[in-house]
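Novice: Just one file: start.txt, with compact mmCIF, C-alpha atoms.
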# COMPACT_ATOMS: atom_id res chain seq x y z
CA MET Y 550 7.70 -15.37 -10.46
CA THR Y 551 8.61 -13.26 -13.51
CA GLU Y 552 11.83 -11.42 -14.33
CA GLN Y 553 9.90 -8.15 -14.11
CA ASN Y 554 8.75 -8.96 -10.57
CA THR Y 555 12.31 -9.83 -9.54
CA ARG Y 556 13.57 -6.50 -10.85
CA ARG Y 557 10.85 -4.65 -8.94
CA ALA Y 558 11.69 -6.64 -5.82
CA ILE Y 559 15.39 -5.75 -6.13
CA ALA Y 560 14.49 -2.07 -6.58
CA LEU Y 561 12.32 -2.25 -3.48
CA MET Y 562 15.11 -3.93 -1.51
CA LEU Y 563 17.54 -1.19 -2.50
CA PHE Y 564 15.01 1.44 -1.43
CA THR Y 565 14.50 -0.45 1.83
CA THR Y 566 18.22 -0.49 2.60
CA PHE Y 567 18.35 3.28 2.02
CA ILE Y 568 15.43 3.76 4.43
CA PHE Y 569 17.09 1.58 7.06
CA ALA Y 570 20.35 3.53 6.65
CA CYS Y 571 18.43 6.73 7.38
CA GLN Y 572 16.79 4.99 10.33
CA ASP Y 573 20.22 4.04 11.70
CA ALA Y 574 21.33 7.67 11.47
CA LEU Y 575 18.22 8.88 13.29
CA SER Y 576 18.70 6.22 15.97
CA ARG Y 577 22.30 7.27 16.51
CA HIS Y 578 21.33 10.95 16.74
CA LEU Y 579 18.57 10.36 19.32
CA ALA Y 580 20.51 7.75 21.32
CA GLY Y 581 23.34 10.25 21.62
CA THR Y 582 21.03 12.52 23.63
CA TYR Y 583 18.50 10.17 25.23
CA ASN Y 584 18.84 6.65 26.58
CA VAL Y 585 18.60 3.77 24.14
CA TRP Y 586 15.80 1.99 26.02
CA MET Y 587 13.36 4.89 25.65
CA VAL Y 588 14.25 5.53 22.01
CA VAL Y 589 13.71 1.89 21.03
CA MET Y 590 10.53 1.67 23.15
CA ILE Y 591 8.84 4.58 21.34
CA ARG Y 592 9.97 3.20 18.01
CA TYR Y 593 8.38 -0.14 18.88
CA TRP Y 594 5.08 1.49 19.87
CA PHE Y 595 4.68 2.77 16.32
CA PHE Y 596 5.88 -0.54 14.89
CA ALA Y 597 3.30 -2.45 16.96
CA ALA Y 598 0.53 -0.16 15.72
CA PHE Y 599 1.63 -0.85 12.14
CA VAL Y 600 1.69 -4.60 12.83
CA LEU Y 601 -1.87 -4.53 14.18
CA VAL Y 602 -3.11 -2.74 11.06
CA ILE Y 603 -1.35 -5.25 8.78
CA ALA Y 604 -2.69 -8.16 10.87
CA ARG Y 605 -6.29 -7.05 10.50
CA ARG Y 606 -5.89 -6.49 6.78
CA ASN Y 607 -4.06 -9.73 5.92
CA ALA Y 608 -5.50 -12.19 8.45
CA GLY Y 609 -8.99 -10.73 8.78
CA SER Y 610 -8.73 -10.16 12.53
CA ILE Y 611 -6.13 -9.74 15.24
CA ARG Y 612 -7.17 -13.02 16.85
CA ALA Y 613 -6.61 -14.87 13.58
CA ALA Y 614 -3.17 -13.29 13.14
CA ALA Y 615 -2.16 -14.19 16.71
CA ARG Y 616 -3.21 -17.84 16.45
CA THR Y 617 -0.18 -20.13 16.84
CA SER Y 618 0.73 -23.52 18.26
CA GLN Y 619 4.18 -22.31 19.35
CA PRO Y 620 3.66 -19.16 21.46
CA LEU Y 621 6.84 -19.60 23.53
CA ILE Y 622 9.13 -19.63 20.49
CA GLN Y 623 7.21 -16.76 18.89
CA SER Y 624 7.56 -14.74 22.10
CA PHE Y 625 11.26 -15.57 22.33
CA ARG Y 626 12.02 -14.38 18.80
CA GLY Y 627 10.01 -11.17 19.29
CA ALA Y 628 11.85 -10.35 22.51
CA LEU Y 629 15.21 -11.29 20.99
CA LEU Y 630 14.77 -8.90 18.07
CA ALA Y 631 13.79 -6.01 20.36
CA LEU Y 632 16.87 -6.52 22.54
CA GLU Y 633 19.05 -6.91 19.44
CA VAL Y 634 17.92 -3.48 18.23
CA CYS Y 635 18.99 -2.01 21.58
CA VAL Y 636 22.45 -3.58 21.32
CA MET Y 637 22.88 -2.36 17.75
CA VAL Y 638 21.88 1.22 18.58
CA LEU Y 639 24.38 1.14 21.46
CA GLY Y 640 26.96 0.07 18.90
CA PHE Y 641 26.10 3.11 16.78
CA THR Y 642 26.71 5.45 19.71
CA TYR Y 643 30.06 3.89 20.68
CA LEU Y 644 31.53 2.87 17.31
CA GLY Y 645 29.56 4.76 14.71
CA ILE Y 646 27.36 3.48 11.91
CA ILE Y 647 30.04 2.39 9.44
CA GLU Y 648 32.04 0.11 11.73
CA SER Y 649 28.94 -1.28 13.43
CA GLN Y 650 27.31 -2.18 10.13
CA ALA Y 651 30.57 -3.59 8.76
CA VAL Y 652 30.63 -6.18 11.54
CA PHE Y 653 26.86 -6.73 11.70
CA ILE Y 654 26.64 -7.84 8.05
CA CYS Y 655 28.24 -11.15 9.05
CA TYR Y 656 24.89 -12.37 10.44
CA PRO Y 657 23.98 -14.44 7.33
CA LEU Y 658 27.19 -16.39 7.86
CA ILE Y 659 26.27 -17.05 11.49
CA ILE Y 660 22.87 -18.30 10.34
CA ALA Y 661 24.55 -20.59 7.83
CA ALA Y 662 26.94 -21.91 10.48
CA LEU Y 663 24.17 -22.62 13.00
CA SER Y 664 21.56 -23.93 10.55
CA GLY Y 665 23.15 -27.39 10.73
CA PRO Y 666 23.15 -28.02 14.50
CA VAL Y 667 19.96 -26.00 15.17
CA LEU Y 668 17.73 -26.85 12.21
CA GLY Y 669 19.39 -29.99 10.91
CA GLU Y 670 20.21 -28.44 7.53
CA LYS Y 671 23.20 -29.67 5.55
CA VAL Y 672 26.18 -27.30 5.42
CA GLY Y 673 28.84 -28.42 2.94
CA TRP Y 674 32.54 -27.66 2.93
CA ARG Y 675 32.13 -24.81 0.44
CA ARG Y 676 29.79 -22.91 2.74
CA TRP Y 677 31.99 -23.70 5.74
CA SER Y 678 34.92 -22.20 3.81
CA ALA Y 679 32.88 -19.07 3.07
CA ILE Y 680 31.92 -18.83 6.74
CA GLY Y 681 35.59 -19.05 7.69
CA VAL Y 682 36.53 -16.27 5.26
CA GLY Y 683 33.72 -14.11 6.59
CA PHE Y 684 34.89 -14.44 10.16
CA ILE Y 685 38.44 -13.60 9.11
CA GLY Y 686 36.87 -10.38 7.82
CA VAL Y 687 35.27 -9.77 11.23
CA MET Y 688 38.65 -10.22 12.93
CA VAL Y 689 40.26 -7.82 10.44
CA ILE Y 690 37.70 -5.17 11.44
CA LEU Y 691 37.82 -5.77 15.19
CA GLN Y 692 41.62 -6.21 15.27
CA PRO Y 693 41.85 -8.19 18.52
CA GLY Y 694 45.32 -8.15 20.03
CA ILE Y 695 46.32 -4.86 18.39
CA GLY Y 696 46.72 -2.24 21.11
CA VAL Y 697 43.99 -2.02 23.74
CA PHE Y 698 40.91 -3.92 22.56
CA ALA Y 699 37.75 -1.93 23.30
CA PRO Y 700 34.94 -4.12 24.73
CA ALA Y 701 32.43 -1.87 22.93
CA ALA Y 702 33.80 -3.21 19.64
CA THR Y 703 32.01 -6.49 20.34
CA LEU Y 704 28.56 -4.82 20.41
CA PRO Y 705 27.81 -5.20 16.68
CA LEU Y 706 29.10 -8.78 16.79
CA ILE Y 707 26.78 -9.56 19.71
CA SER Y 708 23.98 -7.89 17.75
CA ALA Y 709 24.78 -10.06 14.71
CA VAL Y 710 24.67 -13.22 16.82
CA MET Y 711 21.31 -12.17 18.29
CA PHE Y 712 19.90 -11.33 14.85
CA ALA Y 713 21.13 -14.66 13.53
CA GLY Y 714 19.27 -16.36 16.39
CA TYR Y 715 16.19 -14.40 15.39
CA GLY Y 716 16.64 -15.54 11.78
CA LEU Y 717 16.94 -19.18 12.81
CA ALA Y 718 13.84 -18.85 14.98
CA ASN Y 719 12.04 -17.42 11.94
CA ARG Y 720 12.89 -20.52 9.92
CA TYR Y 721 11.75 -22.76 12.74
CA VAL Y 722 8.34 -21.12 13.32
CA ALA Y 723 7.76 -20.85 9.56
CA ARG Y 724 7.26 -24.62 9.50
CA LYS Y 725 3.89 -24.16 11.18
CA ASP Y 726 3.00 -20.45 11.22
CA SER Y 727 2.36 -17.99 8.41
CA ALA Y 728 4.47 -14.89 7.83
CA ALA Y 729 1.54 -12.74 9.00
CA THR Y 730 1.43 -14.57 12.34
CA SER Y 731 5.18 -14.24 12.88
CA PHE Y 732 5.05 -10.55 11.95
CA PHE Y 733 2.26 -10.00 14.49
CA TRP Y 734 4.23 -11.61 17.30
CA THR Y 735 7.39 -9.72 16.33
CA GLY Y 736 5.76 -6.33 16.75
CA THR Y 737 3.51 -6.94 19.73
CA VAL Y 738 5.95 -8.91 21.89
CA GLY Y 739 8.76 -6.49 21.05
CA ALA Y 740 6.61 -3.52 22.07
CA ALA Y 741 5.61 -5.25 25.32
CA VAL Y 742 9.22 -6.12 26.22
CA MET Y 743 10.51 -2.64 25.45
CA THR Y 744 7.67 -1.02 27.42
CA VAL Y 745 8.48 -3.11 30.50
CA ILE Y 746 12.13 -2.04 30.25
CA GLY Y 747 11.97 1.42 28.71
CA ILE Y 748 9.20 2.97 30.80
CA TRP Y 749 11.63 3.14 33.76
CA PHE Y 750 14.06 5.22 31.73
CA TRP Y 751 11.65 7.85 30.45
CA GLU Y 752 13.22 11.25 29.84
CA PRO Y 753 11.59 14.53 28.79
CA MET Y 754 12.20 15.22 25.11
CA ILE Y 755 12.35 18.67 23.55
CA ALA Y 756 10.00 19.51 20.67
CA PRO Y 757 12.58 19.35 17.82
CA ASP Y 758 13.66 15.88 18.95
CA TRP Y 759 10.05 14.71 18.94
CA ALA Y 760 10.07 15.61 15.24
CA TRP Y 761 13.18 13.44 14.74
CA MET Y 762 11.53 10.67 16.76
CA SER Y 763 8.43 10.84 14.58
CA LEU Y 764 10.61 10.60 11.49
CA LEU Y 765 12.41 7.59 13.02
CA CYS Y 766 9.10 5.84 13.62
CA MET Y 767 7.88 6.61 10.10
CA THR Y 768 11.06 5.28 8.51
CA GLY Y 769 10.70 2.13 10.60
CA VAL Y 770 7.15 1.54 9.39
CA LEU Y 771 7.96 2.44 5.77
CA GLY Y 772 11.07 0.24 5.76
CA HIS Y 773 9.20 -2.81 7.02
CA PHE Y 774 6.38 -2.19 4.54
CA THR Y 775 8.72 -2.01 1.52
CA LEU Y 776 10.63 -5.05 2.82
CA ILE Y 777 7.39 -7.05 2.98
CA LYS Y 778 6.53 -5.98 -0.57
CA ALA Y 779 9.99 -6.98 -1.83
CA TYR Y 780 9.61 -10.48 -0.38
CA GLU Y 781 6.11 -10.74 -1.87
CA LEU Y 782 7.45 -10.13 -5.39
CA ALA Y 783 10.47 -12.46 -5.36
CA GLU Y 784 12.21 -15.21 -3.41
CA ALA Y 785 14.33 -14.12 -0.48
CA SER Y 786 17.45 -15.64 -2.06
CA ALA Y 787 17.02 -13.34 -5.07
CA VAL Y 788 16.77 -10.07 -3.15
CA GLN Y 789 18.62 -10.67 0.13
CA PRO Y 790 22.14 -10.12 -1.31
CA PHE Y 791 21.14 -6.54 -2.15
CA ALA Y 792 20.66 -5.88 1.56
CA TYR Y 793 24.44 -5.34 1.69
CA PHE Y 794 23.87 -1.97 0.06
CA GLN Y 795 22.80 -0.75 3.50
CA LEU Y 796 26.49 -0.51 4.37
CA ALA Y 797 27.12 1.79 1.39
CA PHE Y 798 24.06 3.92 2.11
CA GLY Y 799 25.01 4.07 5.78
CA ALA Y 800 28.46 5.37 4.86
CA MET Y 801 26.91 7.98 2.57
CA VAL Y 802 24.96 9.31 5.57
CA ALA Y 803 27.52 8.77 8.35
CA ILE Y 804 30.50 10.45 6.66
CA PRO Y 805 28.96 13.90 6.00
CA VAL Y 806 26.54 13.97 8.97
CA PHE Y 807 28.62 12.42 11.78
CA GLY Y 808 32.11 12.91 10.39
CA GLU Y 809 32.87 9.18 10.33
CA THR Y 810 35.67 7.75 8.21
CA ILE Y 811 36.26 4.40 6.55
CA ARG Y 812 39.47 2.85 7.87
CA LEU Y 813 41.42 0.51 5.59
CA ASN Y 814 40.94 -2.53 7.84
CA VAL Y 815 37.16 -1.88 7.95
CA ALA Y 816 36.95 -1.70 4.15
CA LEU Y 817 39.02 -4.87 3.74
CA GLY Y 818 37.11 -6.78 6.40
CA ALA Y 819 33.74 -5.71 5.00
CA ALA Y 820 34.81 -6.84 1.51
CA LEU Y 821 35.70 -10.30 2.85
CA ILE Y 822 32.37 -10.56 4.73
CA ILE Y 823 30.28 -9.40 1.76
CA GLY Y 824 32.11 -11.74 -0.63
CA ALA Y 825 31.60 -14.70 1.69
CA GLY Y 826 27.97 -13.78 2.24
CA LEU Y 827 27.23 -13.50 -1.46
CA PHE Y 828 28.82 -16.89 -2.05
CA THR Y 829 26.67 -18.38 0.73
CA PHE Y 830 23.50 -16.95 -0.81
CA TRP Y 831 24.55 -18.30 -4.22
CA ARG Y 832 25.16 -21.79 -2.82
CA GLU Y 833 21.77 -21.85 -1.07
CA ARG Y 834 19.99 -20.78 -4.23
CA HIS Y 835 21.96 -23.25 -6.38
CA GLN Y 836 21.05 -26.14 -4.08
CA ARG Y 837 17.37 -25.20 -4.15
How does the structure come out when it is put into structure tokens?

Specialist:
Amino acid sequence: MTEQNTRRAIALMLFTTFIFACQDALSRHLAGTYNVWMVVMIRYWFFAAFVLVIARRNAGSIRAAARTSQPLIQSFRGALLALEVCVMVLGFTYLGIIESQAVFICYPLIIAALSGPVLGEKVGWRRWSAIGVGFIGVMVILQPGIGVFAPAATLPLISAVMFAGYGLANRYVARKDSAATSFFWTGTVGAAVMTVIGIWFWEPMIAPDWAWMSLLCMTGVLGHFTLIKAYELAEASAVQPFAYFQLAFGAMVAIPVFGETIRLNVALGAALIIGAGLFTFWRERHQR
């Protein structure tokens, strides 16, 4: 891995976070008019088609890409990610993009906390301290006990826990399966799960919104493609910290388009979470 490749990977990660921020805005717009299940279902149809194309190109055939000795775990992680997307989009509609993303970015800390009991990895006191600081940041954002606590405020936290579970499952299946195999199961199982759920909530969509839906699907495919390329050029530990820029890009979209604001407690809490997360990434890379 060269320094030039790392720089290109970081640039791709930054571009990916911008794409995902746009995708979040499109999801919030459509989910504000139509039900979340249908929106995510259509999005997954396009994602599954993209996965099938990538599977044939990288693995030689769909059968080769699907071959695994752990189908139950692969199916679980694919279904978990699809449901996590639904919870996160619900969070966008109730809380907005900025506050939802500010809480959601704690998921690397949840992965670090659970990697010990779930995967048997060693978590030292320094990382436990960072995890504690990060969750203080979450509490600063959610403000439990101040006024009437809105249950909807827990949606991005639930989404973060689900995504952390997905991340841990990724590490587990990676011991035996290739990234291409895991990617195949992510898209196909997710599309199947969302079709079983979403088809019962189908709503007629007007022509202009079909254009927005098409753009949502294209950003989803493009974002996953650039993310794959970023991880091909550099180690995950080198580029993953730059994923936090999605919060900044999300704010750049949410403030002028949806009229959202950044409250002081959200800014402070997000700073604590990001600082703790960056320290956790640094510790993991240092130990490797």

Novice: Please provide as a ChimeraX atom specification all residues within 10 Å of Tyr583 of chain Y, with the sequence filter that same-chain residues fewer than 3 positions apart are discarded (counting all atoms listed in the file).

Specialist: /Y:577-580,586-588,750-754,758

Novice: Could you pull out every residue with an atom within 12 Å of (36.5, -12.2, 12.8), file coordinates, counting all atoms listed in the file, and send them as a PDB file with C-alpha atoms, in the frame of the given file?

Specialist:
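Generated file (out28.pdb):
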ATOM      1  CA  ALA Y 651      30.570  -3.590   8.760  1.00  0.00           C
ATOM      2  CA  VAL Y 652      30.630  -6.180  11.540  1.00  0.00           C
ATOM      3  CA  PHE Y 653      26.860  -6.730  11.700  1.00  0.00           C
ATOM      4  CA  ILE Y 654      26.640  -7.840   8.050  1.00  0.00           C
ATOM      5  CA  CYS Y 655      28.240 -11.150   9.050  1.00  0.00           C
ATOM      6  CA  TYR Y 656      24.890 -12.370  10.440  1.00  0.00           C
ATOM      7  CA  LEU Y 658      27.190 -16.390   7.860  1.00  0.00           C
ATOM      8  CA  ILE Y 659      26.270 -17.050  11.490  1.00  0.00           C
ATOM      9  CA  ILE Y 680      31.920 -18.830   6.740  1.00  0.00           C
ATOM     10  CA  GLY Y 681      35.590 -19.050   7.690  1.00  0.00           C
ATOM     11  CA  VAL Y 682      36.530 -16.270   5.260  1.00  0.00           C
ATOM     12  CA  GLY Y 683      33.720 -14.110   6.590  1.00  0.00           C
ATOM     13  CA  PHE Y 684      34.890 -14.440  10.160  1.00  0.00           C
ATOM     14  CA  ILE Y 685      38.440 -13.600   9.110  1.00  0.00           C
ATOM     15  CA  GLY Y 686      36.870 -10.380   7.820  1.00  0.00           C
ATOM     16  CA  VAL Y 687      35.270  -9.770  11.230  1.00  0.00           C
ATOM     17  CA  MET Y 688      38.650 -10.220  12.930  1.00  0.00           C
ATOM     18  CA  VAL Y 689      40.260  -7.820  10.440  1.00  0.00           C
ATOM     19  CA  ILE Y 690      37.700  -5.170  11.440  1.00  0.00           C
ATOM     20  CA  LEU Y 691      37.820  -5.770  15.190  1.00  0.00           C
ATOM     21  CA  GLN Y 692      41.620  -6.210  15.270  1.00  0.00           C
ATOM     22  CA  PRO Y 693      41.850  -8.190  18.520  1.00  0.00           C
ATOM     23  CA  ALA Y 702      33.800  -3.210  19.640  1.00  0.00           C
ATOM     24  CA  THR Y 703      32.010  -6.490  20.340  1.00  0.00           C
ATOM     25  CA  PRO Y 705      27.810  -5.200  16.680  1.00  0.00           C
ATOM     26  CA  LEU Y 706      29.100  -8.780  16.790  1.00  0.00           C
ATOM     27  CA  ASN Y 814      40.940  -2.530   7.840  1.00  0.00           C
ATOM     28  CA  VAL Y 815      37.160  -1.880   7.950  1.00  0.00           C
ATOM     29  CA  LEU Y 817      39.020  -4.870   3.740  1.00  0.00           C
ATOM     30  CA  GLY Y 818      37.110  -6.780   6.400  1.00  0.00           C
ATOM     31  CA  ALA Y 819      33.740  -5.710   5.000  1.00  0.00           C
ATOM     32  CA  LEU Y 821      35.700 -10.300   2.850  1.00  0.00           C
ATOM     33  CA  ILE Y 822      32.370 -10.560   4.730  1.00  0.00           C
TER      34      ILE Y 822
END

Novice: For Gly808 of chain Y, which residue among Y:Leu717, Y:Glu633, Y:Gly645, Y:Leu764 is the nearest when counting all atoms listed in the file?

Specialist: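 Checking each candidate against Gly808 of chain Y, we get Y:Gly645 as the closest.
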
Novice: Around all listed atoms of segment 621-624 of chain Y, padded 5 Å per side, what centre and edge lengths does the axis-aligned box have in Å to one decimal, as JSON?

Specialist:
{"center_x": 8.0, "center_y": -17.2, "center_z": 21.2, "size_x": 12.3, "size_y": 14.9, "size_z": 14.6}

Novice: So, counting all atoms listed in the file, which residue among Y:Gly826, Y:Gly739, Y:Pro790, Y:Gly799 is closest to Cys571 of chain Y?

Specialist: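 Residue with the minimum atom-to-atom distance to Cys571 of chain Y: Y:Gly799.
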
Novice: Which polymer residues have any atom within 8 Å of an atom of segment 775-781 of chain Y, counting all atoms listed in the file, with same-chain residues fewer than 2 positions away left out, as a PyMOL selection string?

Specialist: chain Y and resi 557-559+561-562+564-565+771-773+783-785+788

Novice: So which one's closest to Phe828 of chain Y, Y:Ala679, Y:Leu575, Y:Met637, Y:Ala560? Using only C-alpha atoms, please.

Specialist: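 Under the stated criterion, the closest residue is Y:Ala679.
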
Novice: Pick out the closest residue to Val745 of chain Y from this set: Y:Phe569, Y:Tyr721, Y:Phe798, Y:Tyr593. Count all atoms listed in the file.

Specialist: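 Once distances to Val745 of chain Y are computed over all atoms listed in the file, the minimum belongs to Y:Tyr593.
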
Novice: Using only C-alpha atoms, which of Y:Val742, Y:Leu621, Y:Val585, Y:Ala723 sits nearest Phe641 of chain Y?

Specialist: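 Residue with the minimum atom-to-atom distance to Phe641 of chain Y: Y:Val585.
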
Novice: May I ask which of the residues Y:Arg812, Y:Lys671, Y:Arg616, Y:Arg556 is the closest one to Lys725 of chain Y, counting all atoms listed in the file?

Specialist: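 The closest residue to Lys725 of chain Y is Y:Arg616.
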
Novice: Grab the atom CA of Ile603 of chain Y to atom CA of Ala792 of chain Y distance for me, in Å with one decimal place.

Specialist: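 Spanning atom CA of Ile603 of chain Y to atom CA of Ala792 of chain Y is a straight-line distance of 23.2 Å.
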
Novice: Between atom CA of Leu796 of chain Y and atom CA of Met590 of chain Y, what distance in Å does the model show, to one decimal?

Specialist: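 Atom-to-atom, atom CA of Leu796 of chain Y to atom CA of Met590 of chain Y, that is 24.7 Å.
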
Novice: Quick one: pull the distance between atom CA of Thr829 of chain Y and atom CA of Phe732 of chain Y, Å, one decimal.

Specialist: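 A separation of 25.6 Å between them.
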
Novice: What would the list of residues within 6 Å of (9.6, -6.6, 16.9) (file frame) look like as a PyMOL selection string, if only C-alpha atoms are what count?

Specialist: chain Y and resi 627+630-631+735-736+739

Novice: Given all atoms listed in the file, how would the per-residue table for segment 697-728 of chain Y near segment 663-668 of chain Y read, listing every residue at most 12 Å away with its closest atom pair and distance in Å to one decimal, sorted by chain and number, as a Markdown table?

Specialist:
| residue | atom | partner | partner_atom | distance |
| --- | --- | --- | --- | --- |
| Y:Val710 | CA | Y:Leu663 | CA | 10.2 |
| Y:Ala713 | CA | Y:Leu663 | CA | 8.5 |
| Y:Gly714 | CA | Y:Leu663 | CA | 8.6 |
| Y:Tyr715 | CA | Y:Leu663 | CA | 11.7 |
| Y:Gly716 | CA | Y:Ser664 | CA | 9.8 |
| Y:Leu717 | CA | Y:Ser664 | CA | 7.0 |
| Y:Ala718 | CA | Y:Leu668 | CA | 9.3 |
| Y:Asn719 | CA | Y:Leu668 | CA | 11.0 |
| Y:Arg720 | CA | Y:Leu668 | CA | 8.3 |
| Y:Tyr721 | CA | Y:Leu668 | CA | 7.3 |
| Y:Val722 | CA | Y:Leu668 | CA | 11.1 |
| Y:Ala723 | CA | Y:Leu668 | CA | 11.9 |
| Y:Arg724 | CA | Y:Leu668 | CA | 11.0 |
